[in-house]
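Data from data-v9.cif: mmCIF, C-alpha atoms
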data_input
#
loop_
_atom_site.label_atom_id
_atom_site.label_comp_id
_atom_site.auth_asym_id
_atom_site.auth_seq_id
_atom_site.Cartn_x
_atom_site.Cartn_y
_atom_site.Cartn_z
CA MET A 1 80.66 96.36 113.27
CA PRO A 2 80.54 94.60 109.91
CA SER A 3 77.21 93.19 108.78
CA THR A 4 76.34 89.52 109.19
CA ARG A 5 76.44 89.15 105.42
CA THR A 6 80.02 90.49 105.30
CA LEU A 7 81.13 88.20 108.11
CA LEU A 8 79.55 85.16 106.44
CA LEU A 9 81.19 86.01 103.13
CA LEU A 10 84.61 86.47 104.78
CA ALA A 11 84.20 83.14 106.61
CA GLY A 12 83.10 81.38 103.42
CA ILE A 13 86.06 82.78 101.48
CA GLY A 14 88.37 81.65 104.29
CA VAL A 15 87.05 78.09 104.49
CA ALA A 16 87.18 77.66 100.69
CA SER A 17 90.72 79.06 100.39
CA GLY A 18 91.98 77.03 103.36
CA PHE A 19 90.55 73.86 101.86
CA LEU A 20 92.18 74.47 98.46
CA SER A 21 95.41 75.54 100.12
CA ALA A 22 95.80 72.33 102.12
CA LEU A 23 94.56 70.13 99.29
CA PHE A 24 97.04 71.54 96.73
CA GLY A 25 99.86 73.17 98.71
CA VAL A 26 99.14 76.66 97.39
CA GLY A 27 98.39 79.88 99.23
CA GLY A 28 94.80 80.37 98.24
CA GLY A 29 95.26 83.88 96.86
CA ILE A 30 93.76 82.64 93.60
CA ILE A 31 90.44 82.39 95.53
CA VAL A 32 90.79 85.17 98.10
CA VAL A 33 91.81 88.07 95.82
CA PRO A 34 88.99 87.75 93.22
CA ALA A 35 86.45 86.90 95.96
CA LEU A 36 87.29 90.05 97.94
CA VAL A 37 87.04 92.14 94.75
CA LEU A 38 83.84 90.60 93.36
CA LEU A 39 81.89 89.84 96.56
CA LEU A 40 83.06 92.58 98.92
CA ARG A 41 84.02 95.34 96.50
CA PHE A 42 87.63 95.61 97.64
CA ASP A 43 89.91 97.49 95.24
CA SER A 44 92.57 95.17 93.83
CA LYS A 45 95.41 96.70 95.86
CA SER A 46 93.76 96.17 99.25
CA ALA A 47 92.43 92.77 98.11
CA THR A 48 95.98 91.58 97.32
CA ALA A 49 97.36 93.03 100.57
CA THR A 50 94.56 91.61 102.74
CA SER A 51 94.88 88.25 101.00
CA LEU A 52 98.59 88.12 101.94
CA ALA A 53 97.71 88.65 105.61
CA ALA A 54 95.10 85.87 105.45
CA ILE A 55 97.42 83.49 103.57
CA GLY A 56 100.07 83.95 106.26
CA ILE A 57 97.65 82.34 108.73
CA THR A 58 96.58 79.69 106.20
CA ALA A 59 100.17 78.68 105.36
CA LEU A 60 101.10 78.43 109.05
CA ALA A 61 98.02 76.29 109.78
CA GLY A 62 98.71 74.08 106.74
CA THR A 63 102.38 73.66 107.60
CA PHE A 64 101.45 72.76 111.19
CA SER A 65 98.86 70.18 110.03
CA PHE A 66 101.24 68.46 107.61
CA THR A 67 104.10 68.55 110.13
CA LEU A 68 101.91 66.39 112.38
CA PHE A 69 101.83 63.78 109.59
CA ASP A 70 105.57 64.25 108.91
CA HIS A 71 105.16 65.43 105.30
CA VAL A 72 107.14 68.71 105.50
CA HIS A 73 110.77 68.56 104.29
CA TRP A 74 112.30 71.61 105.97
CA ASP A 75 115.61 71.51 104.06
CA SER A 76 113.73 71.56 100.73
CA ALA A 77 111.36 74.27 102.02
CA ALA A 78 114.36 76.48 102.78
CA LEU A 79 115.98 75.58 99.44
CA VAL A 80 113.09 77.09 97.43
CA GLY A 81 111.53 79.44 100.03
CA LEU A 82 114.57 81.58 100.81
CA PRO A 83 115.52 82.37 97.17
CA ALA A 84 111.80 83.01 96.59
CA LEU A 85 111.94 85.74 99.23
CA ALA A 86 114.67 87.49 97.21
CA GLY A 87 112.72 86.82 94.00
CA SER A 88 109.54 88.36 95.32
CA ILE A 89 111.36 91.61 96.06
CA ALA A 90 112.69 91.64 92.48
CA GLY A 91 109.23 90.77 91.12
CA VAL A 92 107.52 93.69 92.79
CA ARG A 93 110.16 96.06 91.33
CA LEU A 94 109.82 94.50 87.85
CA GLN A 95 106.07 94.98 87.97
CA LYS A 96 106.62 98.74 87.80
CA LEU A 97 108.81 98.38 84.68
CA VAL A 98 107.13 95.89 82.36
CA SER A 99 103.71 95.65 80.71
CA SER A 100 101.92 92.80 82.35
CA THR A 101 99.34 91.64 79.77
CA ALA A 102 101.69 89.77 77.43
CA LEU A 103 103.70 88.45 80.38
CA THR A 104 100.58 87.21 82.14
CA ARG A 105 99.44 85.34 79.01
CA LEU A 106 102.92 83.85 78.61
CA PHE A 107 102.84 82.76 82.24
CA ALA A 108 99.37 81.20 81.73
CA LEU A 109 100.79 79.20 78.81
CA PHE A 110 103.68 78.06 81.00
CA VAL A 111 101.24 76.94 83.72
CA VAL A 112 99.32 74.88 81.11
CA ILE A 113 102.58 73.19 80.06
CA VAL A 114 103.39 72.33 83.69
CA ALA A 115 99.85 70.90 84.05
CA VAL A 116 100.42 68.66 81.02
CA VAL A 117 103.73 67.43 82.49
CA PHE A 118 101.89 66.51 85.70
CA PHE A 119 99.21 64.63 83.73
CA LEU A 120 101.96 62.65 81.98
CA GLU A 121 103.94 61.88 85.18
CA MET B 1 120.67 65.91 96.41
CA SER B 2 123.07 66.60 93.54
CA THR B 3 124.62 70.02 92.94
CA THR B 4 122.55 70.36 89.76
CA THR B 5 119.33 69.69 91.66
CA ILE B 6 120.24 72.26 94.30
CA ALA B 7 121.20 74.89 91.69
CA LEU B 8 117.99 74.30 89.72
CA ALA B 9 115.87 74.44 92.88
CA LEU B 10 117.51 77.74 93.89
CA VAL B 11 116.83 79.26 90.44
CA LEU B 12 113.23 78.01 90.33
CA GLY B 13 112.65 79.18 93.90
CA PHE B 14 113.87 82.66 92.96
CA SER B 15 111.63 82.59 89.85
CA ALA B 16 108.62 81.47 91.89
CA GLY B 17 109.12 84.45 94.18
CA ALA B 18 109.60 86.84 91.24
CA LEU B 19 106.42 85.56 89.55
CA SER B 20 104.46 85.85 92.77
CA GLY B 21 105.59 89.47 93.05
CA LEU B 22 104.81 90.11 89.38
CA PHE B 23 101.44 88.39 89.03
CA GLY B 24 100.15 88.35 92.58
CA VAL B 25 99.69 84.58 92.51
CA GLY B 26 101.35 82.79 95.40
CA GLY B 27 104.58 80.93 94.90
CA GLY B 28 102.78 77.65 95.54
CA ILE B 29 101.83 76.84 91.98
CA LEU B 30 105.56 76.88 91.13
CA PHE B 31 106.90 75.52 94.43
CA VAL B 32 104.92 72.29 94.04
CA PRO B 33 106.22 71.46 90.50
CA THR B 34 109.79 72.36 91.58
CA LEU B 35 109.62 70.18 94.69
CA ALA B 36 107.92 67.27 92.93
CA LEU B 37 109.64 67.26 89.52
CA VAL B 38 113.11 68.66 90.36
CA VAL B 39 113.76 67.84 94.03
CA GLY B 40 111.87 64.55 93.67
CA LEU B 41 109.47 64.72 96.62
CA SER B 42 106.21 62.77 96.47
CA GLN B 43 103.17 64.81 95.40
CA LEU B 44 101.83 65.06 98.96
CA ASP B 45 105.23 65.93 100.48
CA ALA B 46 105.83 68.53 97.72
CA GLN B 47 102.49 70.17 98.53
CA ALA B 48 103.08 70.11 102.30
CA THR B 49 106.62 71.48 101.87
CA SER B 50 105.33 74.20 99.51
CA LEU B 51 103.18 75.57 102.32
CA ALA B 52 106.23 75.85 104.60
CA ALA B 53 108.31 77.39 101.78
CA MET B 54 105.83 80.21 101.21
CA ILE B 55 105.85 81.42 104.83
CA PRO B 56 108.87 83.78 104.46
CA VAL B 57 107.55 85.20 101.14
CA VAL B 58 104.04 85.76 102.50
CA ALA B 59 105.25 87.16 105.84
CA PHE B 60 107.55 89.64 104.11
CA GLY B 61 104.85 90.57 101.57
CA ALA B 62 102.26 91.14 104.28
CA TRP B 63 104.72 93.28 106.25
CA GLN B 64 105.45 95.42 103.14
CA GLN B 65 101.73 95.81 102.43
CA GLN B 66 101.09 96.70 106.06
CA ARG B 67 103.71 99.46 105.85
CA ALA B 68 102.03 100.74 102.67
CA GLY B 69 98.74 100.82 104.57
CA ASN B 70 96.92 98.47 102.20
CA VAL B 71 95.96 95.64 104.59
CA ARG B 72 92.43 95.55 106.00
CA TRP B 73 93.29 93.59 109.13
CA LYS B 74 89.81 92.72 110.39
CA ALA B 75 88.88 91.16 107.05
CA GLY B 76 92.29 89.48 106.71
CA LEU B 77 92.09 87.97 110.20
CA ALA B 78 88.51 86.81 109.60
CA VAL B 79 89.46 85.08 106.33
CA GLY B 80 92.65 83.67 107.87
CA ALA B 81 90.90 82.33 110.98
CA ALA B 82 88.12 80.72 108.90
CA SER B 83 90.77 79.24 106.59
CA ILE B 84 92.03 77.07 109.48
CA LEU B 85 88.76 75.11 109.31
CA GLY B 86 89.22 74.61 105.57
CA VAL B 87 92.86 73.60 106.10
CA VAL B 88 91.82 70.81 108.46
CA GLY B 89 89.39 69.43 105.87
CA GLY B 90 91.80 69.88 102.95
CA ALA B 91 94.69 68.23 104.82
CA ALA B 92 92.50 65.28 105.80
CA LEU B 93 91.42 64.83 102.18
CA ALA B 94 94.94 65.30 100.73
CA THR B 95 96.48 62.72 103.09
CA SER B 96 93.74 60.17 102.28
CA LEU B 97 93.89 60.44 98.47
CA ASP B 98 95.93 58.21 96.20
CA GLU B 99 99.15 59.99 95.03
CA ASP B 100 98.33 59.66 91.32
CA LEU B 101 94.83 61.04 91.83
CA LEU B 102 96.24 63.94 93.88
CA ARG B 103 98.79 64.71 91.13
CA ASN B 104 96.08 64.72 88.46
CA LEU B 105 93.81 66.90 90.59
CA PHE B 106 96.71 69.33 91.03
CA ALA B 107 97.13 69.42 87.23
CA VAL B 108 93.43 70.26 86.84
CA PHE B 109 93.88 72.99 89.44
CA LEU B 110 96.79 74.41 87.38
CA LEU B 111 94.51 74.59 84.32
CA PHE B 112 92.02 76.53 86.44
CA VAL B 113 94.82 78.92 87.49
CA ALA B 114 95.85 79.40 83.84
CA ALA B 115 92.23 80.21 82.91
CA GLN B 116 92.03 82.68 85.79
CA LEU B 117 95.28 84.37 84.63
CA LEU B 118 93.94 84.69 81.07
CA TRP B 119 90.60 85.99 82.39
CA SER B 120 92.47 88.70 84.33
CA THR B 121 93.92 90.04 81.04
CA ARG B 122 90.57 90.30 79.22
CA GLY B 123 89.87 93.63 77.58
CA ARG B 124 93.47 94.82 78.05
#

Let's see the structure in the file written out as structure tokens.
Amino acid sequence: MPSTRTLLLLAGIGVASGFLSALFGVGGGIIVVPALVLLLRFDSKSATATSLAAIGITALAGTFSFTLFDHVHWDSAALVGLPALAGSIAGVRLQKLVSSTALTRLFALFVVIVAVVFFLE
Amino acid sequence: MSTTTIALALVLGFSAGALSGLFGVGGGILFVPTLALVVGLSQLDAQATSLAAMIPVVAFGAWQQQRAGNVRWKAGLAVGAASILGVVGGAALATSLDEDLLRNLFAVFLLFVAAQLLWSTRGR
């Protein structure tokens, strides 16, 4: 039986990630993975894996909530979601081949550019 | 939707998946810009649709990780179940905010993600 502290931390991580997920349409892994590593001493591999399981529930709950308000466009979801499934398989394979530090920094720069575009929209 | 829009959305969708596999960040931070800026959905609809779009990626990823024996199910289910509470609050807030404010908040969130990505490369 996990301690009360562990349960409270897991619940807190869940509520925070679910809130961000529904507010911004993201999975919440950006919260869950570091929180599991820093607060509960998960190694990064099991943190990423456990986060995926949690996000599955979060994404289903979020999709259900927004479907009630008629905000989900299923044709567009399939248009980006199905190629993404193929892409994720390629991404995991690539991870074993390339050094990630430079790529991660490049990706961070790209995310900043997208943020600026959104500010200007 | 024009053929160009569809082609671009397919390429960006594939890239979002590849980046999520590479960096371990969900596809959402790329799904939302693709759906809003390329497909032309409103900010709120892009965010809602992004959540639906990530279901196949996340389900497949979780299944792969389960097979590799990396998932701690009790913790994952606890976080996932608690997240439903957060989702209800987040969805209520997102649907009540002005579109421009929501878009700007999303941009701030992206800057936070970029900082987190850079932080993860420190000392390497």

Show me, as a ChimeraX atom specification, the residues that have an atom within 8 Å of Ala22 (chain A) when counting all atoms listed in the file, minus same-chain residues fewer than 6 positions from it. /A:62 /B:47-48,86-91,94

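CA of Trp119 (chain B) is found 14.2 Å from CA of Val112 (chain A).
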
Can you measure CA of Ser120 (chain B) to CA of Gly81 (chain A) for me? One decimal in Å is fine. 26.4 Å

Fewer than 6 positions away in the same chain doesn't count, so skip those; otherwise give me all residues within 6 Å of Ala84 (chain A), counting only C-alpha atoms, as number ranges by chain. B: 13-14, 16-17

Which residue out of B:Leu8, B:Leu41, B:Leu22, B:Leu93 has the minimum interatomic distance to Phe19 (chain A) when only C-alpha atoms are used?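 That would be B:Leu93, the residue with the smallest distance to Phe19 (chain A).
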
Pull out every residue that the PyMOL selection byres ((chain B and resi 106) around 12) matches in the shown coordinates and put them as a count of residues only. 42

When you look at Met1 (chain B) with a cut-off of 10 Å (counting all atoms listed in the file), what residues show up, excluding the ones that are within fewer than 2 positions of it in the same chain? I need them as a short mmCIF file (atom, residue, chain, number, x, y, z; two decimals) with C-alpha atoms, in the frame of the given file.
data_model
loop_
_atom_site.label_atom_id
_atom_site.label_comp_id
_atom_site.auth_asym_id
_atom_site.auth_seq_id
_atom_site.Cartn_x
_atom_site.Cartn_y
_atom_site.Cartn_z
CA SER A 76 113.73 71.56 100.73
CA THR B 3 124.62 70.02 92.94
CA THR B 4 122.55 70.36 89.76
CA THR B 5 119.33 69.69 91.66
CA ILE B 6 120.24 72.26 94.30
CA VAL B 39 113.76 67.84 94.03
CA GLY B 40 111.87 64.55 93.67
#

What is the distance, in Å and to one decimal place, between CA of Gly21 (chain B) and CA of Ile30 (chain A)? 13.7 Å

Sorted by chain and rising residue number, list the residues of chain A at most 6 Å from chain B (counting all atoms listed in the file), each with its closest atom pair and distance in Å to one decimal, as CSV.
residue,atom,partner,partner_atom,distance
A:Leu10,CA,B:Val79,CA,5.3
A:Ala11,CA,B:Ala82,CA,5.1
A:Gly14,CA,B:Ser83,CA,4.1
A:Val15,CA,B:Gly86,CA,4.2
A:Gly18,CA,B:Ser83,CA,4.1
A:Phe19,CA,B:Gly86,CA,4.0
A:Ala22,CA,B:Gly90,CA,4.8
A:Leu23,CA,B:Gly90,CA,4.6
A:Phe24,CA,B:Gln47,CA,5.9
A:Gly25,CA,B:Gln47,CA,4.0
A:Val26,CA,B:Gly28,CA,4.2
A:Gly27,CA,B:Gly26,CA,5.6
A:Ser46,CA,B:Asn70,CA,4.9
A:Ala49,CA,B:Val71,CA,5.0
A:Thr50,CA,B:Val71,CA,4.7
A:Leu52,CA,B:Ala62,CA,5.3
A:Ala53,CA,B:Ala62,CA,5.4
A:Ala54,CA,B:Gly80,CA,4.1
A:Gly56,CA,B:Val58,CA,5.8
A:Ile57,CA,B:Gly80,CA,5.2
A:Thr58,CA,B:Gly80,CA,5.8
A:Ala59,CA,B:Leu51,CA,5.3
A:Gly62,CA,B:Val87,CA,5.9
A:Thr63,CA,B:Ala52,CA,5.3
A:Phe66,CA,B:Ala48,CA,5.9
A:His71,CA,B:Asp45,CA,4.8
A:Val72,CA,B:Thr49,CA,4.6
A:His73,CA,B:Thr49,CA,5.6
A:Ala77,CA,B:Ala53,CA,4.4
A:Val80,CA,B:Gly13,CA,4.1
A:Gly81,CA,B:Ala53,CA,4.2
A:Pro83,CA,B:Phe14,CA,4.5
A:Ala84,CA,B:Gly17,CA,3.9
A:Leu85,CA,B:Val57,CA,4.8
A:Gly87,CA,B:Ala18,CA,4.2
A:Ser88,CA,B:Gly17,CA,4.1
A:Ala90,CA,B:Ala18,CA,5.8
A:Gly91,CA,B:Ala18,CA,3.9
A:Val92,CA,B:Gly21,CA,4.6
A:Gln95,CA,B:Leu22,CA,5.2
A:Thr101,CA,B:Thr121,CA,5.8
A:Arg105,CA,B:Leu118,CA,5.9
A:Ala108,CA,B:Ala114,CA,4.5
A:Val111,CA,B:Ala114,CA,5.9
A:Val112,CA,B:Leu111,CA,5.8
A:Ala115,CA,B:Ala107,CA,4.4
A:Phe118,CA,B:Ala107,CA,5.8
A:Phe119,CA,B:Asn104,CA,5.7

With C-alpha atoms kept, could you save the residues just selected as a compact mmCIF listing (two decimals), keeping the file's coordinate frame?
# COMPACT_ATOMS: atom_id res chain seq x y z
CA LEU A 10 84.61 86.47 104.78
CA ALA A 11 84.20 83.14 106.61
CA GLY A 14 88.37 81.65 104.29
CA VAL A 15 87.05 78.09 104.49
CA GLY A 18 91.98 77.03 103.36
CA PHE A 19 90.55 73.86 101.86
CA ALA A 22 95.80 72.33 102.12
CA LEU A 23 94.56 70.13 99.29
CA PHE A 24 97.04 71.54 96.73
CA GLY A 25 99.86 73.17 98.71
CA VAL A 26 99.14 76.66 97.39
CA GLY A 27 98.39 79.88 99.23
CA SER A 46 93.76 96.17 99.25
CA ALA A 49 97.36 93.03 100.57
CA THR A 50 94.56 91.61 102.74
CA LEU A 52 98.59 88.12 101.94
CA ALA A 53 97.71 88.65 105.61
CA ALA A 54 95.10 85.87 105.45
CA GLY A 56 100.07 83.95 106.26
CA ILE A 57 97.65 82.34 108.73
CA THR A 58 96.58 79.69 106.20
CA ALA A 59 100.17 78.68 105.36
CA GLY A 62 98.71 74.08 106.74
CA THR A 63 102.38 73.66 107.60
CA PHE A 66 101.24 68.46 107.61
CA HIS A 71 105.16 65.43 105.30
CA VAL A 72 107.14 68.71 105.50
CA HIS A 73 110.77 68.56 104.29
CA ALA A 77 111.36 74.27 102.02
CA VAL A 80 113.09 77.09 97.43
CA GLY A 81 111.53 79.44 100.03
CA PRO A 83 115.52 82.37 97.17
CA ALA A 84 111.80 83.01 96.59
CA LEU A 85 111.94 85.74 99.23
CA GLY A 87 112.72 86.82 94.00
CA SER A 88 109.54 88.36 95.32
CA ALA A 90 112.69 91.64 92.48
CA GLY A 91 109.23 90.77 91.12
CA VAL A 92 107.52 93.69 92.79
CA GLN A 95 106.07 94.98 87.97
CA THR A 101 99.34 91.64 79.77
CA ARG A 105 99.44 85.34 79.01
CA ALA A 108 99.37 81.20 81.73
CA VAL A 111 101.24 76.94 83.72
CA VAL A 112 99.32 74.88 81.11
CA ALA A 115 99.85 70.90 84.05
CA PHE A 118 101.89 66.51 85.70
CA PHE A 119 99.21 64.63 83.73

Quick one: what's the axis-aligned box for region 87-105 of chain A, all listed atoms, 8 Å on every side, centre and edges in Å to one decimal, as lines of an AutoDock Vina configuration file?
center_x = 106.0
center_y = 92.0
center_z = 86.7
size_x = 29.4
size_y = 29.4
size_z = 34.6
